[in-house]
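J.: Here it is, the structure in full.
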Amino acid sequence: MHLSRRSLLAATTAAAGISAPPPTEAVRPGQGLRTGFERLAAHGYTTLRGQKTGIVTNPTGITRDARHIVDVMHADDRVDLRAVFGPEHGFRGTAQAGGSEGRYDDPATGLPVHDTYLKSGRPLADIFTASGVDTVVFDIQDVGARFYTYIWTLYDCMEAAQLAGKRFVVLDRPNPVTGRSAQGPVLHKEFATFVGRQPISQAHGMTVAELARLFNEEFLTTPVPLETVLMSGWRRSRFFDDSGLPWVPPSPNMPTPDTALVYSGTCLFEGTNLSEGRGTTRPFELLGAEGVDRRWAAAANGLGLPGAHFREAYFAPTFSKFQGKTIGGVQIHVHDRAAYDPVRTGIGLLVTAKKVWSGFAWRPDNWIDKLTGSARVRTMIDAGADTDEVVAGWQEELAAFREVREEYLLYR
């Protein structure tokens, strides 16, 4: 019998038996959320039975009582856990941005920890093969932005698992900034990097299981045998603090869910000569540079951006841009997160920063183009476009992505 790619996807994702909760299980009002891992464990790890298993995870792979799932699974005779695969920042999360922990044996469990950062294709497939596992599991907390690298670790590991002939299982977790809608420009393929492998929107509004299904059907040349273990009790409108789960910083500069709320817009300042707040206790909420003064906050407030106020702020980063120097800028205060649009806000802050500060410049390598997914945002702002004009420039491609995205949404 011939199966289309979509039919194959349905067949492989259904095979786990616990992939999809009953329709009422995921949406019953007042029901507590259960993560993919919690449902996997509650069903006796049947999905992994008889399989030599490896897991791609980091410090966010925890239970609601703050135990790491690697420790839990390693201690359970029902799971044959053979290896751990660490992403950017590492399995235990000790590395800063652009770093990893390398290859080592985990002191707590004795398991070999392999480094996946910046590895893809055949080299990553060879790591999976050498580890001796049959099934690769993925469980990492995402934050909802295209340029947050864990979703591309997911993509690269899916591709490598297919090349190595391995099964792939994704354990779902909430999108901490909700799954209500997709926002922002869609990546153009010629700008693909590790901060954006494939054409999805800047704020994707999906969970990792939904993205895995989209990746498998839309972007992988050959689909991997994919199984997803979904959450129960999660609604698309829910923010992270509705989940009842402990927040573990997914990376050193993502300390709180508030950071995640603004990140898909203000991370764009990585592509400028302004500080994006690294080296402060409020990264991506504090933005600034030497010579910036109160005029920026006034200009930003004058845009009437929904859901946010902008406060004149002064701070001294302890590392990264302007280390040890007192600089001026703004702090974003989100007062209505349901109305807040992080991508429009990020564009508005770029437009106003360029207008009020004569020292404004893009990073010489045009990193902003990699973050936004094309040269359009940079060239439009340089040409004097206002916030509404820049945002209007991506609406057609965003509408097309939203239509594709709709096919892969698994929760109401």
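Going through the structure tokens in order, the chains are called A, B, and so on, while each chain numbers its residues from 1 and the ligands are numbered from 1 in the order shown.
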Do you know which residues are at most 9 Å from Trp357 (chain A) counting only C-alpha atoms, after dropping those on the same chain fewer than 4 positions away, and could you put them as a count of residues only?

T.: 7

J.: Would you return as a VMD selection string the members of region 64-98 of chain A that DSSP assigns to alpha helix (DSSP H) on this structure's backbone?

T.: chain A and resid 69 to 74

J.: Can I get the selected residues back with C-alpha atoms, as a compact mmCIF listing (two decimals), in the first residue's frame?

T.:
```txt
# COMPACT_ATOMS: atom_id res chain seq x y z
CA ILE A 69 14.14 13.40 33.76
CA VAL A 70 17.51 11.82 32.94
CA ASP A 71 17.97 11.02 36.62
CA VAL A 72 14.39 9.70 36.82
CA MET A 73 14.65 7.54 33.72
CA HIS A 74 18.12 6.24 34.57
```

J.: From the options A:Glu389, A:Asp134, A:Asp341, A:Asp258, which residue's atoms come nearest to Leu81 (chain A), counting only C-alpha atoms?

T.: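 For Leu81 (chain A), the nearest of the candidates is A:Asp134.
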
J.: Determine, counting only C-alpha atoms, which protein, DNA and RNA residues have an atom within 12 Å of an atom of Gly144 (chain A); residues of the same chain fewer than 5 positions away are not included. Present the result as a tab-separated table (two decimals) with N, CA and C atoms, in the first residue's frame.

T.:
```tsv
chain	number	residue	atom	x	y	z
A	149	THR	N	17.73	28.56	19.44
A	149	THR	CA	18.33	27.48	18.65
A	149	THR	C	17.82	26.08	18.96
A	150	TYR	N	17.11	25.89	20.08
A	150	TYR	CA	16.71	24.53	20.41
A	150	TYR	C	15.77	23.91	19.39
A	151	ILE	N	14.94	24.71	18.73
A	151	ILE	CA	14.06	24.11	17.73
A	151	ILE	C	14.85	23.65	16.51
A	173	ARG	N	6.12	20.09	25.64
A	173	ARG	CA	6.03	21.04	26.73
A	173	ARG	C	5.32	22.31	26.23
A	174	PRO	N	4.85	23.16	27.14
A	174	PRO	CA	4.11	24.34	26.71
A	174	PRO	C	4.98	25.34	25.95
A	175	ASN	N	4.36	26.05	25.02
A	175	ASN	CA	4.96	27.28	24.53
A	175	ASN	C	4.70	28.33	25.61
A	176	PRO	N	5.73	28.86	26.26
A	176	PRO	CA	5.51	29.70	27.45
A	176	PRO	C	4.84	31.03	27.15
A	177	VAL	N	4.84	31.45	25.89
A	177	VAL	CA	4.23	32.73	25.54
A	177	VAL	C	2.92	32.52	24.78
A	178	THR	N	2.33	31.36	24.93
A	178	THR	CA	1.07	30.90	24.33
A	178	THR	C	1.29	30.39	22.90
A	179	GLY	N	0.27	29.73	22.39
A	179	GLY	CA	0.28	29.26	21.01
A	179	GLY	C	-0.83	29.91	20.22
A	180	ARG	N	-1.17	31.16	20.59
A	180	ARG	CA	-2.34	31.81	19.99
A	180	ARG	C	-2.17	32.11	18.51
A	181	SER	N	-1.02	32.63	18.12
A	181	SER	CA	-0.86	33.01	16.72
A	181	SER	C	0.61	33.08	16.37
A	182	ALA	N	0.87	33.08	15.06
A	182	ALA	CA	2.21	33.29	14.54
A	182	ALA	C	2.36	34.77	14.20
A	183	GLN	N	3.53	35.33	14.48
A	183	GLN	CA	3.78	36.75	14.24
A	183	GLN	C	5.16	36.94	13.61
A	184	GLY	N	5.29	38.02	12.84
A	184	GLY	CA	6.59	38.43	12.35
A	184	GLY	C	6.94	37.90	10.98
A	200	ILE	N	9.86	29.57	8.75
A	200	ILE	CA	8.77	29.75	9.70
A	200	ILE	C	8.82	31.19	10.19
A	201	SER	N	7.76	31.63	10.86
A	201	SER	CA	7.69	33.03	11.28
A	201	SER	C	8.55	33.27	12.52
A	202	GLN	N	8.82	34.54	12.76
A	202	GLN	CA	9.74	34.92	13.84
A	202	GLN	C	9.23	34.49	15.21
A	203	ALA	N	7.94	34.65	15.47
A	203	ALA	CA	7.28	34.08	16.64
A	203	ALA	C	6.32	33.04	16.11
A	204	HIS	N	6.61	31.75	16.34
A	204	HIS	CA	5.90	30.69	15.61
A	204	HIS	C	4.59	30.27	16.27
A	205	GLY	N	4.43	30.49	17.57
A	205	GLY	CA	3.17	30.14	18.23
A	205	GLY	C	2.85	28.66	18.21
A	206	MET	N	3.86	27.81	18.32
A	206	MET	CA	3.68	26.36	18.27
A	206	MET	C	4.43	25.71	19.43
A	207	THR	N	4.09	24.46	19.73
A	207	THR	CA	4.86	23.67	20.68
A	207	THR	C	5.91	22.87	19.90
A	208	VAL	N	6.85	22.27	20.62
A	208	VAL	CA	7.89	21.52	19.92
A	208	VAL	C	7.32	20.30	19.21
A	210	GLU	N	4.33	20.12	17.81
A	210	GLU	CA	3.71	20.65	16.59
A	210	GLU	C	4.78	21.00	15.56
A	211	LEU	N	5.86	21.62	16.01
A	211	LEU	CA	6.95	21.94	15.09
A	211	LEU	C	7.57	20.68	14.52
A	239	PHE	N	-0.36	31.17	29.26
A	239	PHE	CA	1.02	31.54	29.49
A	239	PHE	C	1.65	30.54	30.46
A	240	PHE	N	2.97	30.64	30.61
A	240	PHE	CA	3.67	29.62	31.37
A	240	PHE	C	3.23	29.58	32.83
A	250	PRO	N	16.04	28.23	30.23
A	250	PRO	CA	16.50	27.37	29.14
A	250	PRO	C	17.90	27.71	28.66
A	257	PRO	N	10.01	33.69	32.66
A	257	PRO	CA	9.04	33.72	31.57
A	257	PRO	C	8.80	35.12	31.02
A	259	THR	N	11.13	37.21	30.37
A	259	THR	CA	12.14	37.34	29.32
A	259	THR	C	11.65	36.73	28.02
A	260	ALA	N	11.07	35.54	28.13
A	260	ALA	CA	10.55	34.87	26.93
A	260	ALA	C	9.47	35.69	26.25
A	261	LEU	N	8.66	36.41	27.04
A	261	LEU	CA	7.56	37.19	26.49
A	261	LEU	C	8.05	38.27	25.52
A	262	VAL	N	9.19	38.88	25.83
A	262	VAL	CA	9.68	39.98	24.98
A	262	VAL	C	10.72	39.52	23.97
A	263	TYR	N	11.28	38.33	24.18
A	263	TYR	CA	12.48	37.90	23.45
A	263	TYR	C	12.32	37.88	21.94
A	264	SER	N	11.17	37.43	21.44
A	264	SER	CA	11.04	37.29	19.99
A	264	SER	C	11.04	38.64	19.27
A	265	GLY	N	10.97	39.73	20.01
A	265	GLY	CA	11.11	41.06	19.42
A	265	GLY	C	12.43	41.71	19.75
A	342	PRO	N	5.14	41.16	20.61
A	342	PRO	CA	6.58	41.33	20.79
A	342	PRO	C	7.32	41.72	19.52
A	343	VAL	N	6.90	41.20	18.37
A	343	VAL	CA	7.63	41.49	17.14
A	343	VAL	C	7.39	42.93	16.70
```

J.: Need the shell around Gly304 (chain A): protein/DNA/RNA residues with any atom at most 12 Å away, counting only C-alpha atoms. Skip same-chain ones fewer than 4 positions apart. Format as JSON, numbers by chain?

T.: {"A": [297, 298, 299, 300, 308, 309, 310, 339, 340, 341, 344, 345, 348, 349, 387, 388]}

J.: Near Glu88 (chain A), counting only C-alpha atoms, which residues have an atom at most 6 Å away, once you skip same-chain residues fewer than 4 positions from it, shown as an NGL selection string?

T.: :A and (99-100 or 117)

J.: Would you list the contacts of region 329-332 of chain A as a list of chain:residue names, taking every protein, DNA or RNA residue within 6 Å and counting only C-alpha atoms, but skipping same-chain residues closer than 3 positions in sequence?

T.: A:Glu285, A:Leu286, A:Leu287, A:Gly288, A:Val292, A:Ala297, A:Phe310, A:Arg311, A:Glu312, A:Ala313

J.: Suppose we keep N, CA, C and O atoms; can you now write the selection as a PDB file, in the first residue's frame?

T.:
```pdb
ATOM      1  N   GLU A 285      14.810  42.801  28.291  1.00  0.00           N
ATOM      2  CA  GLU A 285      13.854  43.802  28.773  1.00  0.00           C
ATOM      3  C   GLU A 285      14.521  45.168  28.914  1.00  0.00           C
ATOM      4  O   GLU A 285      13.851  46.196  28.803  1.00  0.00           O
ATOM      5  N   LEU A 286      15.818  45.177  29.187  1.00  0.00           N
ATOM      6  CA  LEU A 286      16.621  46.389  29.211  1.00  0.00           C
ATOM      7  C   LEU A 286      17.405  46.502  27.913  1.00  0.00           C
ATOM      8  O   LEU A 286      18.056  45.537  27.487  1.00  0.00           O
ATOM      9  N   LEU A 287      17.363  47.659  27.288  1.00  0.00           N
ATOM     10  CA  LEU A 287      18.061  47.909  26.032  1.00  0.00           C
ATOM     11  C   LEU A 287      18.725  49.276  26.131  1.00  0.00           C
ATOM     12  O   LEU A 287      18.140  50.206  26.703  1.00  0.00           O
ATOM     13  N   GLY A 288      19.929  49.437  25.576  1.00  0.00           N
ATOM     14  CA  GLY A 288      20.537  50.751  25.663  1.00  0.00           C
ATOM     15  C   GLY A 288      21.922  50.826  25.070  1.00  0.00           C
ATOM     16  O   GLY A 288      22.468  49.849  24.557  1.00  0.00           O
ATOM     17  N   VAL A 292      22.510  57.291  24.753  1.00  0.00           N
ATOM     18  CA  VAL A 292      21.050  57.229  24.673  1.00  0.00           C
ATOM     19  C   VAL A 292      20.471  57.881  25.927  1.00  0.00           C
ATOM     20  O   VAL A 292      20.969  57.662  27.036  1.00  0.00           O
ATOM     21  N   ALA A 297      12.721  56.553  25.310  1.00  0.00           N
ATOM     22  CA  ALA A 297      11.509  56.096  25.991  1.00  0.00           C
ATOM     23  C   ALA A 297      10.309  56.936  25.571  1.00  0.00           C
ATOM     24  O   ALA A 297       9.206  56.409  25.343  1.00  0.00           O
ATOM     25  N   PHE A 310       7.224  52.028  28.285  1.00  0.00           N
ATOM     26  CA  PHE A 310       8.671  52.069  28.162  1.00  0.00           C
ATOM     27  C   PHE A 310       9.221  53.107  29.138  1.00  0.00           C
ATOM     28  O   PHE A 310       8.844  54.271  29.098  1.00  0.00           O
ATOM     29  N   ARG A 311      10.094  52.630  30.014  1.00  0.00           N
ATOM     30  CA  ARG A 311      10.650  53.480  31.069  1.00  0.00           C
ATOM     31  C   ARG A 311      12.085  53.865  30.735  1.00  0.00           C
ATOM     32  O   ARG A 311      12.883  53.028  30.324  1.00  0.00           O
ATOM     33  N   GLU A 312      12.402  55.142  30.888  1.00  0.00           N
ATOM     34  CA  GLU A 312      13.786  55.599  30.801  1.00  0.00           C
ATOM     35  C   GLU A 312      14.612  54.837  31.826  1.00  0.00           C
ATOM     36  O   GLU A 312      14.261  54.775  33.005  1.00  0.00           O
ATOM     37  N   ALA A 313      15.715  54.250  31.395  1.00  0.00           N
ATOM     38  CA  ALA A 313      16.491  53.392  32.290  1.00  0.00           C
ATOM     39  C   ALA A 313      17.982  53.589  32.057  1.00  0.00           C
ATOM     40  O   ALA A 313      18.429  53.890  30.945  1.00  0.00           O
TER      41      ALA A 313
END
```

J.: For region 156-167 of chain A, please output as a compact mmCIF listing (two decimals) with all heavy atoms, in the first residue's frame all residues within 9 Å (counting only C-alpha atoms; exclusion window: fewer than 2 positions along the same chain).

T.:
```txt
# COMPACT_ATOMS: atom_id res chain seq x y z
N VAL A 56 17.88 13.89 23.95
CA VAL A 56 18.36 15.25 23.72
C VAL A 56 17.66 16.15 24.72
O VAL A 56 16.44 16.31 24.67
CB VAL A 56 18.04 15.73 22.29
CG1 VAL A 56 18.65 17.11 22.04
CG2 VAL A 56 18.52 14.72 21.25
N THR A 116 25.86 18.01 20.65
CA THR A 116 25.23 18.17 19.34
C THR A 116 25.39 19.56 18.76
O THR A 116 25.04 19.80 17.61
CB THR A 116 23.71 17.89 19.41
OG1 THR A 116 23.05 18.96 20.09
CG2 THR A 116 23.42 16.57 20.11
N LYS A 119 26.32 20.66 15.13
CA LYS A 119 26.48 19.44 14.36
C LYS A 119 25.15 19.10 13.69
O LYS A 119 24.08 19.25 14.29
CB LYS A 119 26.93 18.29 15.26
CG LYS A 119 28.29 18.51 15.92
CD LYS A 119 28.66 17.37 16.82
CE LYS A 119 30.04 17.57 17.44
NZ LYS A 119 30.09 18.71 18.36
N SER A 120 25.22 18.65 12.47
CA SER A 120 24.02 18.30 11.73
C SER A 120 24.37 17.29 10.66
O SER A 120 25.54 16.93 10.47
CB SER A 120 23.39 19.55 11.09
OG SER A 120 24.30 20.16 10.18
N GLY A 121 23.35 16.79 9.95
CA GLY A 121 23.58 15.88 8.84
C GLY A 121 24.33 14.63 9.24
O GLY A 121 24.14 14.07 10.33
N ARG A 122 25.22 14.18 8.37
CA ARG A 122 25.93 12.94 8.59
C ARG A 122 26.80 12.94 9.84
O ARG A 122 26.82 11.94 10.58
CB ARG A 122 26.77 12.60 7.34
CG ARG A 122 27.56 11.30 7.45
CD ARG A 122 26.70 10.09 7.83
NE ARG A 122 25.68 9.79 6.82
CZ ARG A 122 24.78 8.83 6.95
NH1 ARG A 122 24.73 8.10 8.07
NH2 ARG A 122 23.90 8.62 5.98
N PRO A 123 27.55 14.03 10.16
CA PRO A 123 28.33 14.00 11.41
C PRO A 123 27.47 13.76 12.65
O PRO A 123 27.88 13.02 13.56
CB PRO A 123 29.00 15.38 11.44
CG PRO A 123 29.11 15.76 9.99
CD PRO A 123 27.85 15.24 9.36
N LEU A 124 26.29 14.35 12.71
CA LEU A 124 25.40 14.12 13.85
C LEU A 124 24.81 12.72 13.78
O LEU A 124 24.68 12.05 14.82
CB LEU A 124 24.29 15.17 13.87
CG LEU A 124 23.32 15.12 15.06
CD1 LEU A 124 24.06 15.14 16.40
CD2 LEU A 124 22.34 16.29 14.98
N ALA A 125 24.48 12.26 12.59
CA ALA A 125 23.99 10.88 12.44
C ALA A 125 25.03 9.88 12.93
O ALA A 125 24.70 8.87 13.56
CB ALA A 125 23.63 10.61 10.98
N ASP A 126 26.31 10.16 12.66
CA ASP A 126 27.38 9.27 13.11
C ASP A 126 27.46 9.23 14.64
O ASP A 126 27.78 8.18 15.23
CB ASP A 126 28.72 9.71 12.53
CG ASP A 126 28.83 9.46 11.02
OD1 ASP A 126 28.00 8.69 10.49
OD2 ASP A 126 29.72 10.06 10.39
N ILE A 127 27.17 10.35 15.30
CA ILE A 127 27.15 10.37 16.77
C ILE A 127 26.03 9.47 17.28
O ILE A 127 26.21 8.68 18.22
CB ILE A 127 26.98 11.81 17.29
CG1 ILE A 127 28.25 12.61 17.01
CG2 ILE A 127 26.66 11.82 18.78
CD1 ILE A 127 28.15 14.08 17.36
N PHE A 128 24.85 9.56 16.66
CA PHE A 128 23.74 8.70 17.05
C PHE A 128 24.08 7.23 16.84
O PHE A 128 23.79 6.37 17.68
CB PHE A 128 22.48 9.06 16.27
CG PHE A 128 21.85 10.37 16.67
CD1 PHE A 128 20.99 11.03 15.79
CD2 PHE A 128 22.08 10.95 17.90
CE1 PHE A 128 20.39 12.22 16.14
CE2 PHE A 128 21.49 12.15 18.26
CZ PHE A 128 20.65 12.79 17.38
N THR A 129 24.71 6.94 15.72
CA THR A 129 25.09 5.56 15.43
C THR A 129 26.11 5.04 16.45
O THR A 129 25.96 3.94 17.00
CB THR A 129 25.67 5.45 14.02
OG1 THR A 129 24.68 5.84 13.06
CG2 THR A 129 26.14 4.03 13.72
N VAL A 133 22.19 3.76 20.30
CA VAL A 133 20.77 3.84 20.66
C VAL A 133 19.90 3.44 19.48
O VAL A 133 20.31 3.52 18.32
CB VAL A 133 20.40 5.26 21.15
CG1 VAL A 133 21.27 5.66 22.32
CG2 VAL A 133 20.49 6.29 20.03
N ASP A 134 18.69 3.00 19.80
CA ASP A 134 17.68 2.71 18.78
C ASP A 134 16.72 3.88 18.60
O ASP A 134 16.21 4.10 17.50
CB ASP A 134 16.84 1.48 19.18
CG ASP A 134 17.69 0.26 19.47
OD1 ASP A 134 18.54 -0.06 18.62
OD2 ASP A 134 17.49 -0.35 20.54
N THR A 135 16.45 4.59 19.69
CA THR A 135 15.47 5.67 19.70
C THR A 135 16.09 6.92 20.30
O THR A 135 16.77 6.85 21.34
CB THR A 135 14.23 5.28 20.54
OG1 THR A 135 13.57 4.19 19.89
CG2 THR A 135 13.27 6.43 20.69
N VAL A 136 15.86 8.06 19.64
CA VAL A 136 16.30 9.35 20.15
C VAL A 136 15.07 10.09 20.65
O VAL A 136 14.09 10.26 19.91
CB VAL A 136 17.01 10.18 19.07
CG1 VAL A 136 17.41 11.54 19.62
CG2 VAL A 136 18.24 9.43 18.54
N VAL A 137 15.10 10.52 21.91
CA VAL A 137 14.01 11.27 22.52
C VAL A 137 14.43 12.73 22.64
O VAL A 137 15.60 13.03 22.91
CB VAL A 137 13.68 10.71 23.92
CG1 VAL A 137 12.61 11.54 24.62
CG2 VAL A 137 13.25 9.24 23.81
N PHE A 138 13.48 13.65 22.44
CA PHE A 138 13.75 15.09 22.58
C PHE A 138 12.83 15.65 23.65
O PHE A 138 11.60 15.49 23.58
CB PHE A 138 13.51 15.80 21.25
CG PHE A 138 13.79 17.28 21.27
CD1 PHE A 138 15.02 17.77 20.86
CD2 PHE A 138 12.83 18.20 21.70
CE1 PHE A 138 15.28 19.15 20.88
CE2 PHE A 138 13.08 19.56 21.73
CZ PHE A 138 14.33 20.04 21.31
N ILE A 151 14.94 24.71 18.73
CA ILE A 151 14.06 24.11 17.73
C ILE A 151 14.85 23.65 16.51
O ILE A 151 14.42 22.72 15.81
CB ILE A 151 12.90 25.04 17.32
CG1 ILE A 151 13.39 26.33 16.67
CG2 ILE A 151 12.00 25.33 18.52
CD1 ILE A 151 12.28 27.18 16.08
N TRP A 152 16.00 24.26 16.28
CA TRP A 152 16.83 23.81 15.14
C TRP A 152 17.72 22.64 15.56
O TRP A 152 18.11 21.83 14.72
CB TRP A 152 17.61 24.98 14.55
CG TRP A 152 16.63 26.05 14.17
CD1 TRP A 152 16.50 27.29 14.68
CD2 TRP A 152 15.54 25.89 13.23
NE1 TRP A 152 15.43 27.94 14.12
CE2 TRP A 152 14.82 27.12 13.23
CE3 TRP A 152 15.12 24.87 12.39
CZ2 TRP A 152 13.69 27.32 12.42
CZ3 TRP A 152 13.99 25.06 11.59
CH2 TRP A 152 13.31 26.28 11.61
N THR A 153 18.01 22.52 16.86
CA THR A 153 18.58 21.27 17.36
C THR A 153 17.58 20.14 17.13
O THR A 153 17.96 19.04 16.70
CB THR A 153 18.90 21.39 18.86
OG1 THR A 153 19.94 22.36 19.04
CG2 THR A 153 19.34 20.05 19.45
N LEU A 154 16.30 20.41 17.41
CA LEU A 154 15.25 19.43 17.12
C LEU A 154 15.27 19.04 15.65
O LEU A 154 15.28 17.84 15.31
CB LEU A 154 13.89 20.01 17.50
CG LEU A 154 12.64 19.26 17.04
CD1 LEU A 154 12.55 17.89 17.71
CD2 LEU A 154 11.38 20.08 17.32
N VAL A 169 11.34 10.41 19.10
CA VAL A 169 10.19 10.65 19.97
C VAL A 169 10.32 12.04 20.59
O VAL A 169 11.36 12.38 21.16
CB VAL A 169 10.11 9.60 21.10
CG1 VAL A 169 8.95 9.92 22.05
CG2 VAL A 169 9.96 8.19 20.51
N ALA A 212 7.73 19.65 15.33
CA ALA A 212 8.32 18.40 14.85
C ALA A 212 7.49 17.82 13.72
O ALA A 212 8.02 17.34 12.70
CB ALA A 212 8.46 17.39 15.98
N PHE A 215 8.01 20.09 10.68
CA PHE A 215 9.33 19.83 10.10
C PHE A 215 9.33 18.53 9.30
O PHE A 215 9.88 18.46 8.19
CB PHE A 215 10.40 19.73 11.19
CG PHE A 215 10.71 21.01 11.92
CD1 PHE A 215 11.41 20.96 13.12
CD2 PHE A 215 10.30 22.25 11.44
CE1 PHE A 215 11.72 22.14 13.81
CE2 PHE A 215 10.59 23.42 12.13
CZ PHE A 215 11.30 23.36 13.32
N ASN A 216 8.75 17.49 9.87
CA ASN A 216 8.79 16.17 9.25
C ASN A 216 8.05 16.16 7.92
O ASN A 216 8.51 15.55 6.94
CB ASN A 216 8.17 15.14 10.19
CG ASN A 216 8.80 13.77 10.07
OD1 ASN A 216 9.99 13.65 9.81
ND2 ASN A 216 8.01 12.74 10.30
N LEU A 220 11.75 18.09 5.89
CA LEU A 220 12.72 17.00 5.78
C LEU A 220 12.57 16.30 4.43
O LEU A 220 11.45 15.98 4.02
CB LEU A 220 12.54 15.99 6.90
CG LEU A 220 12.98 16.44 8.30
CD1 LEU A 220 12.75 15.32 9.31
CD2 LEU A 220 14.45 16.85 8.32
N THR A 221 13.67 16.06 3.75
CA THR A 221 13.62 15.39 2.46
C THR A 221 12.99 14.01 2.58
O THR A 221 12.16 13.60 1.77
CB THR A 221 15.05 15.28 1.88
OG1 THR A 221 15.61 16.59 1.79
CG2 THR A 221 15.01 14.64 0.50
N THR A 222 13.38 13.29 3.62
CA THR A 222 12.78 11.99 3.95
C THR A 222 12.33 12.04 5.40
O THR A 222 13.13 12.29 6.29
CB THR A 222 13.79 10.85 3.76
OG1 THR A 222 14.29 10.88 2.42
CG2 THR A 222 13.14 9.51 4.04
N PRO A 223 11.05 11.80 5.68
CA PRO A 223 10.57 11.88 7.06
C PRO A 223 11.24 10.84 7.95
O PRO A 223 11.58 9.74 7.51
CB PRO A 223 9.07 11.61 6.94
CG PRO A 223 8.72 11.91 5.52
CD PRO A 223 9.95 11.55 4.73
N VAL A 224 11.43 11.20 9.20
CA VAL A 224 11.93 10.27 10.20
C VAL A 224 10.73 9.54 10.82
O VAL A 224 9.63 10.11 10.89
CB VAL A 224 12.72 11.03 11.30
CG1 VAL A 224 11.82 11.94 12.14
CG2 VAL A 224 13.50 10.08 12.19
N PRO A 225 10.88 8.29 11.25
CA PRO A 225 9.80 7.65 12.03
C PRO A 225 9.58 8.44 13.33
O PRO A 225 10.38 8.36 14.26
CB PRO A 225 10.33 6.24 12.29
CG PRO A 225 11.35 6.01 11.22
CD PRO A 225 11.97 7.36 10.98
N LEU A 226 8.53 9.22 13.36
CA LEU A 226 8.30 10.20 14.42
C LEU A 226 7.12 9.82 15.30
O LEU A 226 6.06 9.46 14.79
CB LEU A 226 8.04 11.58 13.79
CG LEU A 226 7.61 12.70 14.74
CD1 LEU A 226 8.74 13.07 15.69
CD2 LEU A 226 7.16 13.91 13.93
N GLU A 227 7.32 9.92 16.60
CA GLU A 227 6.24 9.75 17.56
C GLU A 227 6.25 10.95 18.49
O GLU A 227 7.32 11.42 18.89
CB GLU A 227 6.39 8.44 18.33
CG GLU A 227 6.34 7.23 17.41
CD GLU A 227 6.66 5.92 18.11
OE1 GLU A 227 6.66 5.92 19.35
OE2 GLU A 227 6.93 4.94 17.40
```

J.: Find, counting only C-alpha atoms, the residue in A:Pro306, A:Gly233, A:Gly279, A:Gly44 that gets nearest to Ala338 (chain A).

T.: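 Ranked by minimum distance to Ala338 (chain A), first place goes to A:Pro306.
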
J.: How many Å separate CA of Thr63 (chain A) from CA of Tyr45 (chain A)?

T.: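 That distance, rounded to one decimal, is 14.8 Å.
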
J.: Quick one: pull the distance between CA of Tyr314 (chain A) and CA of Trp367 (chain A), Å, one decimal.

T.: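 Rounded to one decimal, the two atoms are 25.6 Å apart.
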
J.: Which residue gives the smallest distance to Thr266 (chain A) among A:Tyr155, A:Leu230, A:Phe147, A:Gly359, with only C-alpha atoms counted?

T.: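 Looking at the shortest contact to Thr266 (chain A), the residue is A:Phe147.
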
J.: Go through A:Leu409, A:Pro252, A:Met380, A:Trp362 one by one, measure the shortest atom-to-atom distance of each to Arg236 (chain A) using only C-alpha atoms, and give the residue with the smallest value.

T.: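 Using only C-alpha atoms, Arg236 (chain A) sits closest to A:Leu409.
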
J.: For a test of reading the model, state the distance in Å between CA of Arg49 (chain A) and CA of Arg213 (chain A), rounded to one decimal.

T.: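 Going from CA of Arg49 (chain A) over to CA of Arg213 (chain A) covers 22.5 Å.
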